[in-house]
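The file protein32.cif contains mmCIF, N, CA and C atoms:
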```
data_input
loop_
_atom_site.label_atom_id
_atom_site.label_comp_id
_atom_site.auth_asym_id
_atom_site.auth_seq_id
_atom_site.Cartn_x
_atom_site.Cartn_y
_atom_site.Cartn_z
N MET A 198 21.61 54.45 187.80
CA MET A 198 22.10 53.15 187.39
C MET A 198 21.68 52.92 185.94
N SER A 199 22.55 52.37 185.17
CA SER A 199 22.22 52.08 183.78
C SER A 199 21.43 50.79 183.68
N ASP A 200 20.79 50.61 182.52
CA ASP A 200 20.03 49.38 182.30
C ASP A 200 20.93 48.15 182.37
N SER A 201 22.15 48.27 181.86
CA SER A 201 23.05 47.11 181.90
C SER A 201 23.46 46.78 183.33
N THR A 202 23.69 47.81 184.15
CA THR A 202 24.01 47.57 185.57
C THR A 202 22.82 46.95 186.28
N ASP A 203 21.61 47.45 185.99
CA ASP A 203 20.39 46.86 186.57
C ASP A 203 20.29 45.38 186.23
N HIS A 204 20.54 45.05 184.95
CA HIS A 204 20.46 43.66 184.51
C HIS A 204 21.47 42.79 185.26
N ILE A 205 22.68 43.28 185.39
CA ILE A 205 23.72 42.52 186.09
C ILE A 205 23.34 42.32 187.56
N LEU A 206 22.85 43.37 188.20
CA LEU A 206 22.45 43.27 189.61
C LEU A 206 21.31 42.26 189.78
N LYS A 207 20.32 42.30 188.89
CA LYS A 207 19.20 41.36 189.00
C LYS A 207 19.68 39.92 188.79
N GLU A 208 20.54 39.71 187.82
CA GLU A 208 21.06 38.36 187.58
C GLU A 208 21.87 37.86 188.77
N GLN A 209 22.69 38.74 189.33
CA GLN A 209 23.50 38.35 190.49
C GLN A 209 22.60 38.07 191.70
N ALA A 210 21.58 38.91 191.90
CA ALA A 210 20.64 38.70 193.01
C ALA A 210 19.92 37.36 192.86
N LEU A 211 19.49 37.04 191.64
CA LEU A 211 18.82 35.75 191.41
C LEU A 211 19.75 34.58 191.71
N GLY A 212 21.02 34.72 191.36
CA GLY A 212 22.00 33.68 191.68
C GLY A 212 22.16 33.50 193.17
N HIS A 213 22.22 34.62 193.89
CA HIS A 213 22.33 34.55 195.36
C HIS A 213 21.07 33.91 195.96
N LEU A 214 19.90 34.28 195.43
CA LEU A 214 18.65 33.69 195.92
C LEU A 214 18.66 32.18 195.72
N ARG A 215 19.06 31.74 194.53
CA ARG A 215 19.14 30.29 194.27
C ARG A 215 20.10 29.61 195.23
N ASP A 216 21.27 30.23 195.44
CA ASP A 216 22.27 29.64 196.34
C ASP A 216 21.73 29.51 197.77
N LEU A 217 21.11 30.58 198.26
CA LEU A 217 20.57 30.55 199.62
C LEU A 217 19.43 29.55 199.74
N LEU A 218 18.57 29.49 198.73
CA LEU A 218 17.47 28.54 198.74
C LEU A 218 18.01 27.11 198.78
N GLU A 219 19.01 26.84 197.97
CA GLU A 219 19.63 25.51 197.94
C GLU A 219 20.28 25.17 199.28
N MET A 220 21.00 26.14 199.86
CA MET A 220 21.71 25.90 201.12
C MET A 220 20.77 25.66 202.30
N HIS A 221 19.62 26.34 202.31
CA HIS A 221 18.77 26.32 203.50
C HIS A 221 17.45 25.58 203.32
N TRP A 222 17.24 24.96 202.18
CA TRP A 222 15.97 24.27 201.92
C TRP A 222 15.69 23.19 202.96
N ARG A 223 16.68 22.34 203.24
CA ARG A 223 16.47 21.24 204.19
C ARG A 223 16.15 21.77 205.58
N GLU A 224 16.87 22.81 206.02
CA GLU A 224 16.59 23.40 207.33
C GLU A 224 15.16 23.93 207.38
N ALA A 225 14.73 24.56 206.31
CA ALA A 225 13.38 25.10 206.27
C ALA A 225 12.36 23.98 206.34
N ARG A 226 12.56 22.93 205.56
CA ARG A 226 11.63 21.79 205.60
C ARG A 226 11.60 21.16 206.98
N ASP A 227 12.76 21.07 207.63
CA ASP A 227 12.82 20.49 208.97
C ASP A 227 12.10 21.35 210.00
N SER A 228 11.91 22.63 209.70
CA SER A 228 11.24 23.53 210.64
C SER A 228 9.73 23.57 210.42
N ALA A 229 9.21 22.77 209.52
CA ALA A 229 7.78 22.80 209.20
C ALA A 229 6.93 22.50 210.43
N ASP A 230 5.76 23.11 210.47
CA ASP A 230 4.84 22.85 211.58
C ASP A 230 4.14 21.52 211.34
N GLU A 231 3.19 21.20 212.21
CA GLU A 231 2.53 19.90 212.12
C GLU A 231 1.70 19.74 210.85
N ASP A 232 1.37 20.85 210.20
CA ASP A 232 0.64 20.79 208.93
C ASP A 232 1.58 20.78 207.73
N GLY A 233 2.89 20.77 208.00
CA GLY A 233 3.86 20.74 206.92
C GLY A 233 4.17 22.11 206.32
N LYS A 234 3.73 23.17 207.00
CA LYS A 234 3.95 24.52 206.48
C LYS A 234 5.27 25.08 207.00
N PHE A 235 6.00 25.74 206.11
CA PHE A 235 7.21 26.45 206.48
C PHE A 235 7.38 27.62 205.53
N ALA A 236 8.22 28.56 205.91
CA ALA A 236 8.41 29.74 205.06
C ALA A 236 9.88 30.10 204.98
N ILE A 237 10.27 30.53 203.80
CA ILE A 237 11.59 31.10 203.59
C ILE A 237 11.34 32.44 202.92
N SER A 238 11.84 33.50 203.52
CA SER A 238 11.69 34.81 202.91
C SER A 238 13.06 35.35 202.54
N PHE A 239 13.08 36.20 201.53
CA PHE A 239 14.32 36.76 201.04
C PHE A 239 14.20 38.27 200.97
N LYS A 240 15.29 38.92 201.25
CA LYS A 240 15.36 40.38 201.15
C LYS A 240 16.58 40.71 200.30
N VAL A 241 16.37 41.57 199.32
CA VAL A 241 17.46 42.02 198.46
C VAL A 241 17.67 43.50 198.73
N ALA A 242 18.88 43.86 199.13
CA ALA A 242 19.22 45.26 199.39
C ALA A 242 20.34 45.67 198.43
N ILE A 243 20.16 46.82 197.80
CA ILE A 243 21.15 47.31 196.85
C ILE A 243 21.55 48.72 197.24
N ALA A 244 22.86 48.95 197.29
CA ALA A 244 23.39 50.29 197.55
C ALA A 244 24.06 50.75 196.26
N ASP A 245 23.50 51.78 195.66
CA ASP A 245 24.05 52.32 194.42
C ASP A 245 25.42 52.92 194.68
N GLY A 246 26.31 52.76 193.75
CA GLY A 246 27.65 53.33 193.90
C GLY A 246 28.58 52.67 192.92
N ALA A 247 29.84 52.96 193.04
CA ALA A 247 30.84 52.35 192.18
C ALA A 247 31.87 51.69 193.06
N PRO A 248 31.84 50.42 193.28
CA PRO A 248 30.86 49.48 192.73
C PRO A 248 29.58 49.46 193.55
N ALA A 249 28.49 49.03 192.90
CA ALA A 249 27.21 48.86 193.61
C ALA A 249 27.36 47.67 194.55
N LYS A 250 26.66 47.73 195.67
CA LYS A 250 26.72 46.64 196.64
C LYS A 250 25.38 45.93 196.66
N LEU A 251 25.44 44.63 196.72
CA LEU A 251 24.26 43.79 196.70
C LEU A 251 24.30 42.87 197.92
N LYS A 252 23.19 42.82 198.65
CA LYS A 252 23.11 41.94 199.81
C LYS A 252 21.79 41.20 199.74
N VAL A 253 21.84 39.87 199.81
CA VAL A 253 20.64 39.05 199.80
C VAL A 253 20.60 38.29 201.12
N THR A 254 19.49 38.41 201.82
CA THR A 254 19.32 37.79 203.13
C THR A 254 18.16 36.80 203.06
N SER A 255 18.33 35.65 203.68
CA SER A 255 17.22 34.69 203.77
C SER A 255 16.83 34.54 205.23
N ARG A 256 15.56 34.26 205.44
CA ARG A 256 15.04 34.05 206.79
C ARG A 256 14.09 32.87 206.76
N ILE A 257 14.32 31.95 207.67
CA ILE A 257 13.45 30.78 207.79
C ILE A 257 12.58 31.00 209.02
N SER A 258 11.28 30.83 208.83
CA SER A 258 10.40 31.04 209.97
C SER A 258 9.40 29.91 210.09
N THR A 259 9.03 29.66 211.30
CA THR A 259 8.00 28.67 211.59
C THR A 259 6.89 29.35 212.36
N THR A 260 5.72 28.80 212.24
CA THR A 260 4.60 29.30 213.00
C THR A 260 4.26 28.28 214.07
N ILE A 261 4.25 28.71 215.28
CA ILE A 261 3.91 27.82 216.39
C ILE A 261 2.49 28.17 216.82
N THR A 262 1.63 27.18 216.78
CA THR A 262 0.24 27.38 217.16
C THR A 262 -0.04 26.53 218.38
N ASP A 263 -0.63 27.14 219.38
CA ASP A 263 -1.01 26.44 220.59
C ASP A 263 -2.40 26.90 220.96
N GLU A 264 -3.11 26.10 221.70
CA GLU A 264 -4.49 26.44 221.98
C GLU A 264 -4.92 25.85 223.32
N ILE A 265 -5.69 26.61 224.06
CA ILE A 265 -6.33 26.13 225.29
C ILE A 265 -7.79 26.54 225.18
N GLU A 266 -8.67 25.60 225.48
CA GLU A 266 -10.08 25.88 225.39
C GLU A 266 -10.73 25.58 226.74
N SER A 267 -11.66 26.43 227.14
CA SER A 267 -12.38 26.20 228.38
C SER A 267 -13.76 26.84 228.27
N THR A 268 -14.58 26.58 229.24
CA THR A 268 -15.89 27.22 229.30
C THR A 268 -15.95 28.07 230.55
N VAL A 269 -16.71 29.14 230.46
CA VAL A 269 -16.89 30.04 231.60
C VAL A 269 -18.39 30.15 231.85
N ASP A 270 -18.80 29.72 233.04
CA ASP A 270 -20.21 29.80 233.39
C ASP A 270 -20.62 31.25 233.61
N ASP A 271 -21.84 31.54 233.23
CA ASP A 271 -22.39 32.87 233.47
C ASP A 271 -22.72 32.98 234.95
N PRO A 272 -22.10 33.92 235.67
CA PRO A 272 -22.36 34.02 237.11
C PRO A 272 -23.81 34.39 237.41
N GLY A 273 -24.55 34.92 236.45
CA GLY A 273 -25.94 35.29 236.68
C GLY A 273 -26.91 34.14 236.47
N GLN A 274 -26.43 33.02 236.00
CA GLN A 274 -27.28 31.85 235.75
C GLN A 274 -26.96 30.75 236.76
N PRO A 275 -27.98 30.14 237.34
CA PRO A 275 -27.71 29.03 238.28
C PRO A 275 -27.18 27.81 237.51
N ARG A 276 -26.34 27.09 238.16
CA ARG A 276 -25.79 25.86 237.55
C ARG A 276 -26.79 24.72 237.68
N LEU A 277 -27.04 24.06 236.61
CA LEU A 277 -27.95 22.91 236.62
C LEU A 277 -27.14 21.64 236.85
N LEU A 278 -27.66 20.79 237.67
CA LEU A 278 -26.99 19.51 237.94
C LEU A 278 -27.52 18.41 237.11
#
```
Write the structure described by the file as structure tokens, please.
Amino acid sequence: MSDSTDHILKEQALGHLRDLLEMHWREARDSADEDGKFAISFKVAIADGAPAKLKVTSRISTTITDEIESTVDDPGQPRLL
């Protein structure tokens, strides 16, 4: 790939990233966990050729945290009342 083709691909990829970020920002914010955290990841795939193919993928992910806490008595120790 020539430097000029690389430059064009990078510029086009950045445009796609901006478009996807703009399109999915609200959905990502709506998916935030109770701490307000959310993630949007992007993947850029390029297939060299004539013409070169460019694919930009976005993924919105949330982290779900749940917790259960308990105590376990030591069976070798008597229980105190």
| message | So the first atom is atom CA of A:Arg223 and the second is atom CA of A:Ile257; what is the distance between them in Å, to one decimal place? | response | 10.6 Å
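Pairwise distance (atom CA of A:Phe235, atom CA of A:Glu219) equals 15.1 Å.
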| said: Going by DSSP on the backbone, which residues of chain A come out as alpha helix (DSSP H)? List them as a PyMOL selection string. | reply: chain A and resi 200-227
| query | For this file, the PyMOL selection byres ((chain A and resi 225) around 7) selects which residues, as a PyMOL selection string? | reply | chain A and resi 221-224+226-229+235-237+257-258
| How far is it from atom CA of A:Ile243 to atom CA of A:Gln209, in Å with one decimal? |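 Taking atom CA of A:Ile243 and atom CA of A:Gln209, their separation equals 11.2 Å.
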Give me the box for stretch 242-259 of chain A as AutoDock Vina command-line options, namely the centre and edge lengths in Å to one decimal of a box along x, y and z that holds every listed atom plus 8 Å on each side.
```
--center_x 19.4 --center_y 41.0 --center_z 202.3 --size_x 41.0 --size_y 40.7 --size_z 36.2
```
| message | Considering only strand (DSSP E or B) as DSSP defines it on the backbone, what residues of stretch 198-241 of chain A qualify? List them as a PyMOL selection string. | response | chain A and resi 236-241
Take the residues that were just selected and, keeping N, CA and C atoms, output them as a CSV table (one decimal), keeping the file's coordinate frame.
```csv
chain,number,residue,atom,x,y,z
A,236,ALA,N,8.2,28.6,205.9
A,236,ALA,CA,8.4,29.7,205.1
A,236,ALA,C,9.9,30.1,205.0
A,237,ILE,N,10.3,30.5,203.8
A,237,ILE,CA,11.6,31.1,203.6
A,237,ILE,C,11.3,32.4,202.9
A,238,SER,N,11.8,33.5,203.5
A,238,SER,CA,11.7,34.8,202.9
A,238,SER,C,13.1,35.4,202.5
A,239,PHE,N,13.1,36.2,201.5
A,239,PHE,CA,14.3,36.8,201.0
A,239,PHE,C,14.2,38.3,201.0
A,240,LYS,N,15.3,38.9,201.2
A,240,LYS,CA,15.4,40.4,201.2
A,240,LYS,C,16.6,40.7,200.3
A,241,VAL,N,16.4,41.6,199.3
A,241,VAL,CA,17.5,42.0,198.5
A,241,VAL,C,17.7,43.5,198.7
```
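Remark: for A:Thr254, the closest of the candidate residues A:Gly233, A:Glu266, A:Leu206, A:Phe239 is A:Phe239 (distances computed over all atoms listed in the file).
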